[in-house]
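Below is one structure; the comments refer to it alone.
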Number of protein chains: 2
Amino acid sequence: MKHFTRKEFGELGKIERANLINSISGYKSANLIGTISEIKQTNLAIFSSVVHIGANPPLLGFIMRPVAEVERHTYENIKQTGFYTINHVHESFVEKAHYTSAKFDRQVSEFMVCALTEEFHADFAAPFVGESHIKIGLKFAEEIPIKINNTILVIGEIEHLIFPENALLQNGNIDLNTVEDVCISSLDTYHSVTKIAAFPFARTSNLPEFD
Amino acid sequence: MKHFTRKEFGELGKIERANLINSISGYKSANLIGTISEIKQTNLAIFSSVVHIGANPPLLGFIMRPVAEVERHTYENIKQTGFYTINHVHESFVEKAHYTSAKFDRQVSEFMVCALTEEFHADFAAPFVGESHIKIGLKFAEEIPIKINNTILVIGEIEHLIFPENALLQNGNIDLNTVEDVCISSLDTYHSVTKIAAFPFARTSNLPEFD
């Protein structure tokens with residue numbers, strides 16, 4: 001077995017450490033966040049940190065890297081307009097989605113350079129991704145500073161949720177396999193996903209007999 | 001296409017809404033959090049909200065549901081001892097991992113009732129999961145209240161990282177496919193994962209020609 005201690009992380013090279021630590025949370029969701037600035041410049045960026053915050057009210061969060069020294073177009077646009085979209089990434093466009101992470105100038109839209117389609121809906125400011133089968137329109141709700149490393153937890157409330165009718169199961173679950181959602185490991189690796197099991201709501205009264 | 005608006009979420013039944021909103025962040029990591037109380041009672045619970053916070057210092061977060069009205073053994077133990085473990089879930093024990101979410105009494109250890117092995121390491125208080133191939137020992141660093149719905153972002157600093165030598169790639173990535181890590185959708189569905197692509201660090205200078 002390989003055993004790294006806290007001290008040994010510090011001895012790794014910067015890229016090796018970033019790859020290692022980014023690997024260990026397990027598989028991550030693959031989402032494109034779409035925004036628009038006050039002067040109608042669109043932006044699109046891939047995030048692997050979207051996290052469920054709560055169902056009622058319906059809230060999603062994501063982690064924004066420090067904003068003090070580097071331009072963060074997604075963050076700036078959300079603060080300017082108050083709205084953004086989260087769009088799932090599918091097998092058919094993983095490479096395009098990945099390259100939205102390059103540092104393009106503010107006036108360059110990742111929609112254009114990565115050949116993804118801006119899709120606007122009535123009464124909603126931020127652009128959705130036309131190629132995405134699961135699209136979420138959010139209103140900015142709260143930003144929470146994470147002091148320990150200057151990142152920010154950005155939370156939004158879901159105002160719109162759009163997806164194919166046939167992906168909705170009777171119990172309210174969405175079948176993500178149907179739309180060929182991918183997941184991410186580390187910063188650069190993309191995976192397809194195959195359902196292996198679904199279990200009942202766990203209760204002490206329905207516990208299976210384990211070996 | 002199915003289109004839910006904010007108002008329509010409120011009209012859904014509680015379980016249907018929970019399933020729907022828990023589906024839409026995309027695929028989630030599957031991790032077991034191991035803790036021990038001051039009086040040496042162990043606890044194990046599955047979480048799908050573990051999220052990368054930063055690589056330097058090495059930090060992971062997870063979302064804790066509201067602690068005011070319901071006993072949260074994981075939370076209480078972390079606050080009592082200051083240490084916890086995060087252990088990846090593999091295909092071989094997904095069902096056992098799932099049933100750790102049942103509401104067992106405080107004096108019942110999920111390690112025992114779900115037939116998973118407590119593994120203690122020298123100089124580290126919290127129990128690891130013997131069956132897990134990727135095990136992380138963390139020191140509690142910070143808890144951040146999320147006021148909008150009374151959840152808590154719990155952040156820990158990684159003190160130990162233990163995994164099979166052959167899963168470590170040259171660039172520092174861990175190959176999660178090698179150890180048969182699973183991912184989760186919604187609250188009850190587990191998936192196996194297959195690598196489809198890895199891309200270079202995205203730069204404006206290495207952008208592929210997209211159609």
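Ordered as shown in the structure tokens, chains take letters A, B, and onward, while each chain numbers its residues from 1 and ligands are numbered from 1 in the order shown.
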
Excluding same-chain residues fewer than 3 positions from Ala18 in chain B, what lies within 10 Å of it counting only C-alpha atoms, as a CSV table (one decimal) with C-alpha atoms, in the first residue's frame?
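Final file, selection19.csv:
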```csv
chain,number,residue,atom,x,y,z
A,54,GLY,CA,-31.1,20.7,-0.1
A,55,ALA,CA,-34.4,19.8,-1.7
A,56,ASN,CA,-36.7,22.2,0.0
A,58,PRO,CA,-34.2,23.3,-4.0
A,171,ASN,CA,-40.3,7.8,-7.8
A,172,GLY,CA,-39.1,11.2,-9.0
A,173,ASN,CA,-35.5,10.1,-9.7
B,9,PHE,CA,-41.3,21.8,-7.0
B,12,LEU,CA,-44.5,17.6,-5.6
B,13,GLY,CA,-44.8,15.1,-2.8
B,14,LYS,CA,-41.9,15.2,-0.3
B,15,ILE,CA,-40.2,12.0,-1.4
B,21,ILE,CA,-33.6,17.4,-6.6
B,22,ASN,CA,-31.1,14.8,-5.3
B,23,SER,CA,-30.8,13.6,-9.0
B,186,SER,CA,-30.1,10.4,-6.3
B,187,LEU,CA,-30.3,8.7,-2.9
```

*Would you kindly return, as a list in words, each protein, DNA or RNA residue with an atom no farther than 12 Å from any atom of His121 in chain B, considering only C-alpha atoms and excluding same-chain residues fewer than 3 positions away?*
His3 of chain A; Thr85, Glu118, Phe124, Ala125, Ala126, Pro127, Phe128, Val129, Gly130, Lys135, Ile136, Gly137, His160, Leu161 and Ile162 of chain B

Mind writing the picked residues with C-alpha atoms as a PDB file, in the first residue's frame?
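Contents of the output file again28.pdb:
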```pdb
ATOM      1  CA  HIS A   3       0.733   5.776   2.470  1.00  0.00           C
TER       2      HIS A   3
ATOM      3  CA  THR B  85     -12.043   8.968   8.038  1.00  0.00           C
ATOM      4  CA  GLU B 118     -13.184  -1.515  11.719  1.00  0.00           C
ATOM      5  CA  PHE B 124      -5.098   7.998  14.594  1.00  0.00           C
ATOM      6  CA  ALA B 125      -8.302   7.957  16.628  1.00  0.00           C
ATOM      7  CA  ALA B 126     -10.995   7.365  13.996  1.00  0.00           C
ATOM      8  CA  PRO B 127     -11.759   3.966  12.422  1.00  0.00           C
ATOM      9  CA  PHE B 128     -11.077   3.221   8.756  1.00  0.00           C
ATOM     10  CA  VAL B 129     -13.076   0.703   6.694  1.00  0.00           C
ATOM     11  CA  GLY B 130     -10.999  -2.423   6.145  1.00  0.00           C
ATOM     12  CA  LYS B 135      -8.808   5.465   2.871  1.00  0.00           C
ATOM     13  CA  ILE B 136      -8.333   9.014   4.063  1.00  0.00           C
ATOM     14  CA  GLY B 137      -7.686  10.144   7.642  1.00  0.00           C
ATOM     15  CA  HIS B 160      -3.287  10.259   5.962  1.00  0.00           C
ATOM     16  CA  LEU B 161      -3.982   8.872   2.498  1.00  0.00           C
ATOM     17  CA  ILE B 162      -3.693   5.131   1.971  1.00  0.00           C
TER      18      ILE B 162
END
```

*Extract the full set of strand (DSSP E) residues from range 31-109 of chain B according to DSSP on the backbone, and format it as a PyMOL selection string.*
chain B and resi 31-36+42-47+51-55+58-64+83-88

*Can you list every residue in range 15-129 of chain A that DSSP puts in helix (DSSP H, G or I), as JSON, numbers by chain?*
{"A": [15, 16, 17, 18, 19, 20, 21, 22, 23, 73, 74, 75, 76, 77, 78, 79, 80, 81, 91, 92, 93, 94, 95, 96, 97, 98, 99, 110, 111, 112, 113]}

Can you spit out the residues from that selection as a short mmCIF file (atom, residue, chain, number, x, y, z; two decimals), in the first residue's frame, using N, CA, C and O atoms?
```cif
data_model
loop_
_atom_site.label_atom_id
_atom_site.label_comp_id
_atom_site.auth_asym_id
_atom_site.auth_seq_id
_atom_site.Cartn_x
_atom_site.Cartn_y
_atom_site.Cartn_z
N ILE A 15 1.93 20.06 -9.51
CA ILE A 15 0.97 19.40 -10.40
C ILE A 15 0.61 18.01 -9.89
O ILE A 15 -0.55 17.60 -9.87
N GLU A 16 1.65 17.27 -9.44
CA GLU A 16 1.43 15.93 -8.90
C GLU A 16 0.49 16.00 -7.68
O GLU A 16 -0.42 15.18 -7.55
N ARG A 17 0.73 16.98 -6.80
CA ARG A 17 -0.11 17.11 -5.61
C ARG A 17 -1.54 17.48 -5.99
O ARG A 17 -2.50 16.93 -5.46
N ALA A 18 -1.66 18.42 -6.95
CA ALA A 18 -3.01 18.81 -7.38
C ALA A 18 -3.76 17.61 -7.95
O ALA A 18 -4.93 17.38 -7.64
N ASN A 19 -3.08 16.82 -8.78
CA ASN A 19 -3.73 15.64 -9.36
C ASN A 19 -4.12 14.63 -8.29
O ASN A 19 -5.23 14.09 -8.30
N LEU A 20 -3.20 14.39 -7.35
CA LEU A 20 -3.46 13.41 -6.30
C LEU A 20 -4.66 13.82 -5.44
O LEU A 20 -5.61 13.05 -5.26
N ILE A 21 -4.62 15.05 -4.94
CA ILE A 21 -5.69 15.49 -4.03
C ILE A 21 -7.02 15.63 -4.77
O ILE A 21 -8.09 15.35 -4.23
N ASN A 22 -6.94 16.03 -6.03
CA ASN A 22 -8.19 16.11 -6.81
C ASN A 22 -8.77 14.73 -7.13
O ASN A 22 -9.92 14.63 -7.56
N SER A 23 -7.97 13.67 -6.96
CA SER A 23 -8.47 12.32 -7.24
C SER A 23 -9.24 11.71 -6.07
O SER A 23 -10.06 10.81 -6.28
N HIS A 73 -14.53 34.75 -14.47
CA HIS A 73 -15.65 35.30 -15.24
C HIS A 73 -17.00 34.75 -14.77
O HIS A 73 -17.99 35.48 -14.71
N THR A 74 -17.02 33.44 -14.43
CA THR A 74 -18.27 32.85 -13.95
C THR A 74 -18.77 33.59 -12.71
O THR A 74 -19.93 34.00 -12.62
N TYR A 75 -17.85 33.78 -11.76
CA TYR A 75 -18.20 34.45 -10.49
C TYR A 75 -18.65 35.89 -10.73
O TYR A 75 -19.68 36.34 -10.22
N GLU A 76 -17.88 36.60 -11.53
CA GLU A 76 -18.21 38.01 -11.78
C GLU A 76 -19.58 38.14 -12.44
O GLU A 76 -20.38 39.01 -12.08
N ASN A 77 -19.85 37.28 -13.41
CA ASN A 77 -21.14 37.35 -14.10
C ASN A 77 -22.31 37.02 -13.16
O ASN A 77 -23.37 37.65 -13.23
N ILE A 78 -22.10 36.02 -12.31
CA ILE A 78 -23.18 35.67 -11.37
C ILE A 78 -23.46 36.84 -10.44
O ILE A 78 -24.61 37.17 -10.16
N LYS A 79 -22.40 37.49 -9.96
CA LYS A 79 -22.59 38.63 -9.07
C LYS A 79 -23.23 39.81 -9.80
O LYS A 79 -23.98 40.58 -9.22
N GLN A 80 -22.92 39.96 -11.09
CA GLN A 80 -23.50 41.08 -11.84
C GLN A 80 -24.98 40.88 -12.14
O GLN A 80 -25.78 41.81 -12.05
N THR A 81 -25.35 39.67 -12.53
CA THR A 81 -26.72 39.46 -13.03
C THR A 81 -27.61 38.71 -12.06
O THR A 81 -28.84 38.78 -12.15
N GLU A 91 -21.51 12.11 -22.95
CA GLU A 91 -20.39 11.50 -23.67
C GLU A 91 -20.11 12.19 -25.01
O GLU A 91 -18.97 12.29 -25.44
N SER A 92 -21.18 12.66 -25.66
CA SER A 92 -21.03 13.22 -27.01
C SER A 92 -20.23 14.51 -27.06
O SER A 92 -19.75 14.90 -28.12
N PHE A 93 -20.06 15.20 -25.92
CA PHE A 93 -19.30 16.46 -25.99
C PHE A 93 -18.34 16.68 -24.82
O PHE A 93 -18.09 17.80 -24.40
N VAL A 94 -17.75 15.58 -24.32
CA VAL A 94 -16.80 15.73 -23.19
C VAL A 94 -15.59 16.56 -23.56
O VAL A 94 -15.11 17.36 -22.75
N GLU A 95 -15.04 16.38 -24.77
CA GLU A 95 -13.83 17.12 -25.12
C GLU A 95 -14.11 18.63 -25.19
O GLU A 95 -13.36 19.45 -24.66
N LYS A 96 -15.22 18.99 -25.82
CA LYS A 96 -15.59 20.41 -25.87
C LYS A 96 -15.77 20.97 -24.45
O LYS A 96 -15.32 22.07 -24.14
N ALA A 97 -16.43 20.20 -23.61
CA ALA A 97 -16.67 20.65 -22.23
C ALA A 97 -15.35 20.86 -21.50
O ALA A 97 -15.16 21.86 -20.79
N HIS A 98 -14.41 19.90 -21.69
CA HIS A 98 -13.12 20.00 -21.00
C HIS A 98 -12.39 21.30 -21.35
O HIS A 98 -11.82 21.96 -20.47
N TYR A 99 -12.40 21.66 -22.62
CA TYR A 99 -11.61 22.82 -23.05
C TYR A 99 -12.22 24.16 -22.65
O TYR A 99 -11.58 25.20 -22.79
N GLU A 110 -16.68 30.95 -24.41
CA GLU A 110 -16.38 29.52 -24.54
C GLU A 110 -17.44 28.81 -25.37
O GLU A 110 -17.16 27.76 -25.96
N PHE A 111 -18.66 29.32 -25.38
CA PHE A 111 -19.68 28.72 -26.26
C PHE A 111 -19.16 28.69 -27.70
O PHE A 111 -19.27 27.69 -28.40
N MET A 112 -18.56 29.81 -28.14
CA MET A 112 -18.12 29.92 -29.52
C MET A 112 -16.86 29.09 -29.76
O MET A 112 -16.84 28.23 -30.64
N VAL A 113 -15.82 29.29 -28.95
CA VAL A 113 -14.55 28.60 -29.24
C VAL A 113 -14.64 27.10 -29.00
O VAL A 113 -13.88 26.34 -29.59
#
```

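Among B:Gln107, B:Asn31, B:Asn149, B:Asn166, the residue with the shortest atom-to-atom distance to His52 in chain A, counting only C-alpha atoms, is B:Asn149.
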
*Which residue gives the smallest distance to Ser101 in chain A among A:Val50, A:Val89, A:Leu32, A:Val154, with only C-alpha atoms counted?*
A:Leu32

*Record the distance separating CA of Ile36 in chain A and CA of Lys147 in chain A, expressed in Å with one decimal.*
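If I compute the distance from CA of Ile36 in chain A to CA of Lys147 in chain A, I get 27.5 Å.
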
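Taking CA of Val179 in chain A and CA of Thr100 in chain A as endpoints, the distance between them is 21.0 Å.
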
_Nearest to Ile174 in chain B by atom-to-atom distance, counting only C-alpha atoms, from B:His133, B:Met64, B:Lys28, B:Arg203_ =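 Using only C-alpha atoms, the shortest distance to Ile174 in chain B belongs to B:His133.
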
*Excluding same-chain residues fewer than 5 positions from Gly156 in chain A, what lies within 7 Å of it counting only C-alpha atoms, as a list in words?*
Leu59, Leu60, Gly61, Leu138, Lys139, Phe140, Ala141 and Glu142 of chain A

*Would you kindly return, as number ranges by chain, each protein, DNA or RNA residue with an atom no farther than 12 Å from any atom of Lys103 in chain A, considering only C-alpha atoms and excluding same-chain residues fewer than 6 positions away?*
A: 43-46, 70-74, 109-110, 113; B: 201-207

Output for the residues just chosen: C-alpha atoms as a PDB file, in the first residue's frame:
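Output (part_30.pdb):
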```
ATOM      1  CA  ASN A  43     -19.251  32.590 -20.540  1.00  0.00           C
ATOM      2  CA  LEU A  44     -19.194  28.823 -20.075  1.00  0.00           C
ATOM      3  CA  ALA A  45     -16.979  26.845 -17.694  1.00  0.00           C
ATOM      4  CA  ILE A  46     -16.775  23.227 -16.544  1.00  0.00           C
ATOM      5  CA  VAL A  70      -7.307  35.820 -10.940  1.00  0.00           C
ATOM      6  CA  GLU A  71     -10.249  36.901 -13.117  1.00  0.00           C
ATOM      7  CA  ARG A  72     -13.157  34.542 -12.492  1.00  0.00           C
ATOM      8  CA  HIS A  73     -15.654  35.297 -15.236  1.00  0.00           C
ATOM      9  CA  THR A  74     -18.273  32.852 -13.951  1.00  0.00           C
ATOM     10  CA  SER A 109     -17.119  33.181 -25.246  1.00  0.00           C
ATOM     11  CA  GLU A 110     -16.376  29.518 -24.539  1.00  0.00           C
ATOM     12  CA  VAL A 113     -14.547  28.605 -29.237  1.00  0.00           C
TER      13      VAL A 113
ATOM     14  CA  PHE B 201      -4.464  20.514 -19.285  1.00  0.00           C
ATOM     15  CA  ALA B 202      -6.617  22.908 -21.319  1.00  0.00           C
ATOM     16  CA  ARG B 203      -4.836  25.962 -22.699  1.00  0.00           C
ATOM     17  CA  THR B 204      -5.931  28.463 -25.319  1.00  0.00           C
ATOM     18  CA  SER B 205      -2.824  27.382 -27.252  1.00  0.00           C
ATOM     19  CA  ASN B 206      -3.751  23.679 -27.448  1.00  0.00           C
ATOM     20  CA  LEU B 207      -7.436  24.033 -28.316  1.00  0.00           C
TER      21      LEU B 207
END
```
